Amino acid sequence: MLQEKLPDNMYVGLEVPSKPSPNWTRFVCVSDTHNTVNSENFHLPDGDILLHAGDLTKNGALSQIESAVDWLKGLPHGRKIVIAGNHDTCLDEPFYQHNWRRFHTQNQDSVKALEVIRNAGCGIVYLEDESFTIPENGYNVYGSPYSPEFFNWAFNGDRGDFLKEKWSRIPSTTHILMTHGPPVNILDRVRNENVGCVDLWERVKEIKPLFHVFGHIHESYGVVEKRWENGHENNAKSTVFINASSCSYEYKPVHKPIVFDLPPLDSSE
Ligand SMILES: Nc1nc2c(ncn2[C@@H]2O[C@H](COP(=O)(O)O)[C@@H](O)[C@H]2O)c(=O)[nH]1
Ligand SMILES: [Mn+2]
Ligand SMILES: [Mn+2]
């Protein structure tokens with residue numbers, strides 16, 4: 001669901017105008033690429049920072065992680081901020097050690113998979129329940145791979161206390177939040193059900209980040225802006241929610257990347 005009119009300085013797809021000023025930062029959002037990036041249908045616009053909200057792979061085999069990381073390394077974006085999703089099984093080491101037989105005929109080297117993505121270089125920043133401050137513009141990004149339990153895949157967490165604790169770690173100073181799954185009632189529709197996380201929504205309401213980028217629910221790809229009433233002076237007046245799932249319900253890369261531009265943090269532009 002794309003809003004009829006996108007918020008200012010936001011675009012969808014490849015045909016995007018130049019940034020308002022060279023000192024602004026262009027963010028390009030994608031998610032749920034599931035190793036489909038070599039398909040003819042998959043293209044990304046240029047930008048300063050790529051945000052990838054998880055499900056890089058089909059089922060998290062080491063070769064699939066390596067292939068996704070090779071793709072990220074070759075992109076022109078100066079930084080690529082990435083989280084895992086429930087399909088990136090090998091990156092959830094304790095989960096993988098108990099469950100690898102469900103996904104692979106051979107136990108993959110999950111320690112190596114984590115090294116491959118954490119030590120990739122080429123501007124790749126892998127976040128697992130942690131923050132990163134973008135040196136060029138001062139924005140704080142927080143990333144978490146967790147999503148509510150659904151058939152016991154990687155980084156699944158029980159709704160309630162487990163996920164509440166995960167979300168309590170998101171600093172209130174977060175400007176750009178990246179989670180694999182959506183908060184409840186926002187771009188989280190599966191057939192006639194809203195399957196997003198209630199506890200994530202409660203935390204997002206407290207933090208009021210400028211942007212919340214996620215994926216996971218492929219068929220609810222889109223952008224929604226929520227205006228906050230009675231916002232605290234340090235919080236944003238609105239949050240733009242982006243479900244950046246590239247793949248469709250059928251795992252075909254049909255949805256276009258979503259782009260937003262931000263001025264330097266302390267600028268009045
Ligand atoms: N009813 C629910 N459906 C869900 C949930 N989480 C995911 N899904 C469905 O699966 C696809 C793909 O997700 P993926 O992680 O396998 O790539 C998604 O688009 C939904 O249709 C859930 O919690 N409840
Ligand atoms: Mn997915
Ligand atoms: Mn997923």
# chains A, B, ... in the order shown; residues from 1 in each chain; ligands from 1

$ residues_near_ligand --ligand "ligand 1" --cutoff "8 Å" --atoms "only C-alpha atoms and all ligand atoms" --output "compact mmCIF listing (two decimals) with N, CA, C and O atoms, in the first residue's frame"
# COMPACT_ATOMS: atom_id res chain seq x y z
N ASP A 32 13.89 -8.38 2.26
CA ASP A 32 13.34 -9.62 1.70
C ASP A 32 13.73 -9.83 0.23
O ASP A 32 12.87 -10.06 -0.62
N HIS A 34 15.87 -12.31 -0.56
CA HIS A 34 15.84 -13.78 -0.67
C HIS A 34 16.70 -14.31 -1.83
O HIS A 34 16.23 -15.18 -2.60
N ASP A 55 16.02 -11.05 5.71
CA ASP A 55 15.69 -12.06 4.70
C ASP A 55 16.51 -11.81 3.43
O ASP A 55 15.98 -11.69 2.32
N GLY A 85 16.98 -11.65 8.89
CA GLY A 85 15.56 -11.98 9.08
C GLY A 85 15.43 -13.45 9.41
O GLY A 85 16.44 -14.18 9.49
N ASN A 86 14.21 -13.91 9.53
CA ASN A 86 13.96 -15.29 9.96
C ASN A 86 14.50 -16.33 8.97
O ASN A 86 14.76 -17.46 9.36
N HIS A 87 14.69 -15.95 7.69
CA HIS A 87 15.23 -16.91 6.72
C HIS A 87 16.75 -17.04 6.80
O HIS A 87 17.31 -18.00 6.25
N SER A 147 11.47 -11.15 14.94
CA SER A 147 10.06 -11.01 14.55
C SER A 147 9.28 -12.04 15.38
O SER A 147 9.85 -13.00 15.90
N PRO A 148 7.95 -11.83 15.50
CA PRO A 148 7.16 -12.74 16.33
C PRO A 148 7.18 -14.18 15.81
O PRO A 148 7.25 -14.41 14.60
N GLU A 149 7.12 -15.11 16.72
CA GLU A 149 7.22 -16.54 16.40
C GLU A 149 6.24 -16.93 15.30
O GLU A 149 5.06 -16.60 15.34
N PHE A 150 6.76 -17.62 14.27
CA PHE A 150 5.92 -18.12 13.18
C PHE A 150 6.65 -19.32 12.59
O PHE A 150 7.64 -19.18 11.88
N GLY A 181 10.39 -7.40 11.16
CA GLY A 181 8.93 -7.42 11.04
C GLY A 181 8.30 -6.07 11.37
O GLY A 181 8.93 -5.20 11.97
N VAL A 190 -1.91 -9.80 6.45
CA VAL A 190 -1.83 -11.10 5.77
C VAL A 190 -3.27 -11.58 5.64
O VAL A 190 -3.92 -11.86 6.65
N ARG A 191 -3.76 -11.64 4.40
CA ARG A 191 -5.18 -11.93 4.17
C ARG A 191 -6.02 -10.98 5.02
O ARG A 191 -5.89 -9.77 4.88
N GLU A 193 -5.85 -10.54 8.37
CA GLU A 193 -5.30 -10.52 9.72
C GLU A 193 -4.15 -9.51 9.80
O GLU A 193 -3.37 -9.40 8.84
N VAL A 195 -0.75 -9.06 11.50
CA VAL A 195 0.12 -10.01 12.20
C VAL A 195 1.35 -9.33 12.81
O VAL A 195 2.23 -10.00 13.34
N GLY A 196 1.42 -7.98 12.75
CA GLY A 196 2.58 -7.28 13.30
C GLY A 196 2.64 -7.39 14.82
O GLY A 196 1.74 -7.93 15.46
N HIS A 216 9.40 -8.44 5.80
CA HIS A 216 8.85 -9.69 6.34
C HIS A 216 7.45 -10.02 5.81
O HIS A 216 7.21 -11.13 5.37
N ILE A 217 6.54 -9.05 5.83
CA ILE A 217 5.19 -9.33 5.32
C ILE A 217 5.16 -8.81 3.88
O ILE A 217 4.82 -7.65 3.61
N HIS A 218 5.53 -9.69 2.95
CA HIS A 218 5.80 -9.29 1.57
C HIS A 218 4.61 -8.57 0.94
O HIS A 218 4.77 -7.60 0.20
N GLU A 219 3.42 -9.11 1.17
CA GLU A 219 2.23 -8.59 0.48
C GLU A 219 1.78 -7.23 1.03
O GLU A 219 0.87 -6.63 0.48
N SER A 220 2.42 -6.75 2.11
CA SER A 220 2.04 -5.44 2.67
C SER A 220 3.11 -4.39 2.41
O SER A 220 3.22 -3.40 3.15
N SER A 248 7.49 -10.55 -3.65
CA SER A 248 6.04 -10.74 -3.49
C SER A 248 5.78 -11.94 -2.59
O SER A 248 6.72 -12.64 -2.17
N TYR A 249 4.52 -12.22 -2.38
CA TYR A 249 4.10 -13.41 -1.62
C TYR A 249 4.71 -14.67 -2.26
O TYR A 249 5.05 -15.64 -1.57
N TYR A 251 7.60 -14.89 -3.60
CA TYR A 251 9.07 -14.75 -3.56
C TYR A 251 9.65 -14.31 -4.91
O TYR A 251 10.74 -14.71 -5.30

$ select_by_dssp --residues "region 125-248 of chain A" --states "strand (DSSP E)" --output "ChimeraX atom specification"
/A:125-126,130-133,140-144,147-148,156-157,176-179,189-190,193-194,211-214,222-227,238-243

$ residues_around --residues "region 66-71 of chain A" --least-positions-apart "6" --cutoff "9 Å" --atoms "only C-alpha atoms" --output "number ranges by chain"
A: 33-35, 37-38, 56-57, 113, 116-117, 120, 124

$ write_last_selection --atoms "N, CA and C atoms" --output "PDB file, in the first residue's frame"
ATOM      1  N   THR A  33      15.030  -9.774  -0.012  1.00  0.00           N
ATOM      2  CA  THR A  33      15.518 -10.009  -1.369  1.00  0.00           C
ATOM      3  C   THR A  33      15.699 -11.514  -1.629  1.00  0.00           C
ATOM      4  N   HIS A  34      15.869 -12.309  -0.560  1.00  0.00           N
ATOM      5  CA  HIS A  34      15.842 -13.776  -0.670  1.00  0.00           C
ATOM      6  C   HIS A  34      16.700 -14.314  -1.831  1.00  0.00           C
ATOM      7  N   ASN A  35      17.912 -13.782  -1.980  1.00  0.00           N
ATOM      8  CA  ASN A  35      18.832 -14.245  -3.049  1.00  0.00           C
ATOM      9  C   ASN A  35      18.238 -14.136  -4.460  1.00  0.00           C
ATOM     10  N   VAL A  37      18.580 -11.237  -6.166  1.00  0.00           N
ATOM     11  CA  VAL A  37      19.106  -9.962  -6.660  1.00  0.00           C
ATOM     12  C   VAL A  37      19.772 -10.063  -8.034  1.00  0.00           C
ATOM     13  N   ASN A  38      20.055 -11.280  -8.479  1.00  0.00           N
ATOM     14  CA  ASN A  38      20.648 -11.415  -9.821  1.00  0.00           C
ATOM     15  C   ASN A  38      19.593 -11.547 -10.903  1.00  0.00           C
ATOM     16  N   LEU A  56      17.818 -11.781   3.648  1.00  0.00           N
ATOM     17  CA  LEU A  56      18.748 -11.679   2.520  1.00  0.00           C
ATOM     18  C   LEU A  56      18.725 -12.952   1.692  1.00  0.00           C
ATOM     19  N   THR A  57      18.425 -14.081   2.347  1.00  0.00           N
ATOM     20  CA  THR A  57      18.629 -15.393   1.729  1.00  0.00           C
ATOM     21  C   THR A  57      17.332 -16.203   1.655  1.00  0.00           C
ATOM     22  N   ALA A 113      29.689 -17.805   8.830  1.00  0.00           N
ATOM     23  CA  ALA A 113      28.669 -16.946   8.201  1.00  0.00           C
ATOM     24  C   ALA A 113      28.631 -15.581   8.892  1.00  0.00           C
ATOM     25  N   VAL A 116      31.645 -13.643   7.916  1.00  0.00           N
ATOM     26  CA  VAL A 116      31.538 -13.163   6.529  1.00  0.00           C
ATOM     27  C   VAL A 116      30.771 -11.841   6.488  1.00  0.00           C
ATOM     28  N   ILE A 117      29.689 -11.760   7.245  1.00  0.00           N
ATOM     29  CA  ILE A 117      28.877 -10.537   7.154  1.00  0.00           C
ATOM     30  C   ILE A 117      29.419  -9.428   8.059  1.00  0.00           C
ATOM     31  N   ALA A 120      32.831  -8.014   6.482  1.00  0.00           N
ATOM     32  CA  ALA A 120      32.807  -7.906   5.015  1.00  0.00           C
ATOM     33  C   ALA A 120      33.527  -6.670   4.501  1.00  0.00           C
ATOM     34  N   ILE A 124      29.802  -2.311   4.738  1.00  0.00           N
ATOM     35  CA  ILE A 124      28.684  -3.111   5.277  1.00  0.00           C
ATOM     36  C   ILE A 124      28.687  -3.030   6.803  1.00  0.00           C
TER      37      ILE A 124
END

$ residues_around --residues "Thr173 (chain A)" --least-positions-apart "4" --cutoff "10 Å" --atoms "only C-alpha atoms" --output "tab-separated table (two decimals) with N, CA, C and O atoms, in the first residue's frame"
chain	number	residue	atom	x	y	z
A	131	SER	N	23.05	-0.35	17.87
A	131	SER	CA	22.93	0.96	17.22
A	131	SER	C	24.16	1.26	16.38
A	131	SER	O	25.24	0.73	16.64
A	139	TYR	N	22.90	10.75	12.27
A	139	TYR	CA	21.65	10.02	12.56
A	139	TYR	C	21.96	8.68	13.24
A	139	TYR	O	22.90	7.99	12.85
A	140	ASN	N	21.13	8.35	14.25
A	140	ASN	CA	21.28	7.08	14.95
A	140	ASN	C	20.35	6.04	14.33
A	140	ASN	O	19.14	6.26	14.22
A	141	VAL	N	20.95	4.91	13.97
A	141	VAL	CA	20.18	3.79	13.39
A	141	VAL	C	20.23	2.65	14.40
A	141	VAL	O	21.29	2.39	14.98
A	142	TYR	N	19.10	1.98	14.62
A	142	TYR	CA	19.09	0.78	15.47
A	142	TYR	C	18.50	-0.36	14.65
A	142	TYR	O	17.49	-0.18	13.96
A	207	ILE	N	9.21	5.99	21.26
A	207	ILE	CA	10.43	6.54	20.65
A	207	ILE	C	10.11	7.58	19.58
A	207	ILE	O	10.81	8.57	19.44
A	208	LYS	N	9.08	7.31	18.80
A	208	LYS	CA	8.73	8.17	17.67
A	208	LYS	C	9.94	8.44	16.78
A	208	LYS	O	10.40	9.59	16.64
A	209	PRO	N	10.48	7.38	16.18
A	209	PRO	CA	11.62	7.61	15.27
A	209	PRO	C	11.16	8.37	14.03
A	209	PRO	O	9.95	8.41	13.73
A	234	ASN	N	11.66	16.29	21.87
A	234	ASN	CA	12.80	15.60	21.25
A	234	ASN	C	12.38	14.57	20.23
A	234	ASN	O	13.21	14.00	19.54
A	235	ASN	N	11.10	14.25	20.16
A	235	ASN	CA	10.66	13.21	19.23
A	235	ASN	C	10.18	13.81	17.92
A	235	ASN	O	9.87	15.00	17.85

$ closest_residue --among "A:Gly74, A:Gly215, A:Gly123, A:Pro17" --to "ligand 3" --atoms "only C-alpha atoms and all ligand atoms"
A:Gly215

$ atom_distance --atom1 "CA of Asp8 (chain A)" --atom2 "CA of Ile186 (chain A)"
19.8 Å

$ atom_distance --atom1 "CA of Pro257 (chain A)" --atom2 "CA of Leu177 (chain A)"
17.2 Å

$ residues_around --residues "His212 (chain A)" --least-positions-apart "6" --cutoff "10 Å" --atoms "only C-alpha atoms" --output "JSON, numbers by chain"
{"A": [141, 142, 174, 175, 176, 177, 178, 179, 182, 183, 204, 223, 225, 239, 240, 241, 242, 243]}

$ closest_residue --among "A:His77, A:Trp100, A:Tyr146, A:Asp261" --to "Lys19 (chain A)" --atoms "only C-alpha atoms"
A:Asp261

$ decode --residues "region 161-186 of chain A" --atoms "N, CA and C atoms" --output "PDB file, in the first residue's frame"
ATOM      1  N   ASP A 161       6.640 -11.051  26.938  1.00  0.00           N
ATOM      2  CA  ASP A 161       7.857 -10.663  27.673  1.00  0.00           C
ATOM      3  C   ASP A 161       9.140 -10.729  26.828  1.00  0.00           C
ATOM      4  N   PHE A 162       9.311 -11.793  26.014  1.00  0.00           N
ATOM      5  CA  PHE A 162      10.567 -11.940  25.266  1.00  0.00           C
ATOM      6  C   PHE A 162      10.772 -10.750  24.319  1.00  0.00           C
ATOM      7  N   LEU A 163       9.763 -10.470  23.508  1.00  0.00           N
ATOM      8  CA  LEU A 163       9.937  -9.380  22.529  1.00  0.00           C
ATOM      9  C   LEU A 163       9.918  -8.013  23.205  1.00  0.00           C
ATOM     10  N   LYS A 164       9.119  -7.894  24.290  1.00  0.00           N
ATOM     11  CA  LYS A 164       9.128  -6.614  25.041  1.00  0.00           C
ATOM     12  C   LYS A 164      10.542  -6.275  25.486  1.00  0.00           C
ATOM     13  N   GLU A 165      11.252  -7.297  25.967  1.00  0.00           N
ATOM     14  CA  GLU A 165      12.625  -7.069  26.446  1.00  0.00           C
ATOM     15  C   GLU A 165      13.525  -6.659  25.269  1.00  0.00           C
ATOM     16  N   LYS A 166      13.348  -7.325  24.119  1.00  0.00           N
ATOM     17  CA  LYS A 166      14.152  -6.960  22.932  1.00  0.00           C
ATOM     18  C   LYS A 166      13.906  -5.488  22.561  1.00  0.00           C
ATOM     19  N   TRP A 167      12.631  -5.108  22.517  1.00  0.00           N
ATOM     20  CA  TRP A 167      12.308  -3.738  22.067  1.00  0.00           C
ATOM     21  C   TRP A 167      12.699  -2.702  23.110  1.00  0.00           C
ATOM     22  N   SER A 168      12.762  -3.117  24.403  1.00  0.00           N
ATOM     23  CA  SER A 168      13.148  -2.144  25.438  1.00  0.00           C
ATOM     24  C   SER A 168      14.591  -1.690  25.225  1.00  0.00           C
ATOM     25  N   ARG A 169      15.363  -2.472  24.454  1.00  0.00           N
ATOM     26  CA  ARG A 169      16.772  -2.099  24.211  1.00  0.00           C
ATOM     27  C   ARG A 169      16.911  -1.003  23.161  1.00  0.00           C
ATOM     28  N   ILE A 170      15.843  -0.708  22.431  1.00  0.00           N
ATOM     29  CA  ILE A 170      15.961   0.326  21.380  1.00  0.00           C
ATOM     30  C   ILE A 170      16.118   1.683  22.066  1.00  0.00           C
ATOM     31  N   PRO A 171      17.224   2.370  21.842  1.00  0.00           N
ATOM     32  CA  PRO A 171      17.418   3.658  22.526  1.00  0.00           C
ATOM     33  C   PRO A 171      16.373   4.686  22.101  1.00  0.00           C
ATOM     34  N   SER A 172      15.994   5.537  23.056  1.00  0.00           N
ATOM     35  CA  SER A 172      14.976   6.551  22.732  1.00  0.00           C
ATOM     36  C   SER A 172      15.542   7.605  21.785  1.00  0.00           C
ATOM     37  N   THR A 173      16.856   7.591  21.568  1.00  0.00           N
ATOM     38  CA  THR A 173      17.493   8.563  20.665  1.00  0.00           C
ATOM     39  C   THR A 173      17.561   8.046  19.220  1.00  0.00           C
ATOM     40  N   THR A 174      16.851   6.940  18.928  1.00  0.00           N
ATOM     41  CA  THR A 174      16.916   6.350  17.585  1.00  0.00           C
ATOM     42  C   THR A 174      16.165   7.209  16.560  1.00  0.00           C
ATOM     43  N   HIS A 175      16.846   7.551  15.482  1.00  0.00           N
ATOM     44  CA  HIS A 175      16.177   8.294  14.394  1.00  0.00           C
ATOM     45  C   HIS A 175      15.614   7.345  13.339  1.00  0.00           C
ATOM     46  N   ILE A 176      16.374   6.293  13.041  1.00  0.00           N
ATOM     47  CA  ILE A 176      15.949   5.340  12.008  1.00  0.00           C
ATOM     48  C   ILE A 176      15.963   3.949  12.638  1.00  0.00           C
ATOM     49  N   LEU A 177      14.765   3.365  12.741  1.00  0.00           N
ATOM     50  CA  LEU A 177      14.639   2.035  13.329  1.00  0.00           C
ATOM     51  C   LEU A 177      14.518   1.012  12.210  1.00  0.00           C
ATOM     52  N   MET A 178      15.290  -0.070  12.313  1.00  0.00           N
ATOM     53  CA  MET A 178      15.182  -1.179  11.351  1.00  0.00           C
ATOM     54  C   MET A 178      14.838  -2.441  12.132  1.00  0.00           C
ATOM     55  N   THR A 179      13.696  -3.055  11.793  1.00  0.00           N
ATOM     56  CA  THR A 179      13.371  -4.363  12.377  1.00  0.00           C
ATOM     57  C   THR A 179      12.962  -5.251  11.213  1.00  0.00           C
ATOM     58  N   HIS A 180      13.065  -6.574  11.399  1.00  0.00           N
ATOM     59  CA  HIS A 180      12.650  -7.412  10.267  1.00  0.00           C
ATOM     60  C   HIS A 180      11.139  -7.345  10.066  1.00  0.00           C
ATOM     61  N   GLY A 181      10.385  -7.395  11.163  1.00  0.00           N
ATOM     62  CA  GLY A 181       8.930  -7.422  11.040  1.00  0.00           C
ATOM     63  C   GLY A 181       8.299  -6.073  11.373  1.00  0.00           C
ATOM     64  N   PRO A 182       7.029  -5.896  10.973  1.00  0.00           N
ATOM     65  CA  PRO A 182       6.317  -4.633  11.234  1.00  0.00           C
ATOM     66  C   PRO A 182       5.710  -4.572  12.630  1.00  0.00           C
ATOM     67  N   PRO A 183       5.377  -3.352  13.066  1.00  0.00           N
ATOM     68  CA  PRO A 183       4.544  -3.226  14.266  1.00  0.00           C
ATOM     69  C   PRO A 183       3.089  -3.550  13.889  1.00  0.00           C
ATOM     70  N   VAL A 184       2.276  -3.844  14.893  1.00  0.00           N
ATOM     71  CA  VAL A 184       0.894  -4.244  14.588  1.00  0.00           C
ATOM     72  C   VAL A 184       0.128  -3.102  13.902  1.00  0.00           C
ATOM     73  N   ASN A 185      -0.713  -3.479  12.973  1.00  0.00           N
ATOM     74  CA  ASN A 185      -1.636  -2.567  12.271  1.00  0.00           C
ATOM     75  C   ASN A 185      -0.965  -1.639  11.272  1.00  0.00           C
ATOM     76  N   ILE A 186       0.330  -1.807  11.011  1.00  0.00           N
ATOM     77  CA  ILE A 186       0.993  -0.947  10.024  1.00  0.00           C
ATOM     78  C   ILE A 186       1.679  -1.820   8.978  1.00  0.00           C
TER      79      ILE A 186
END
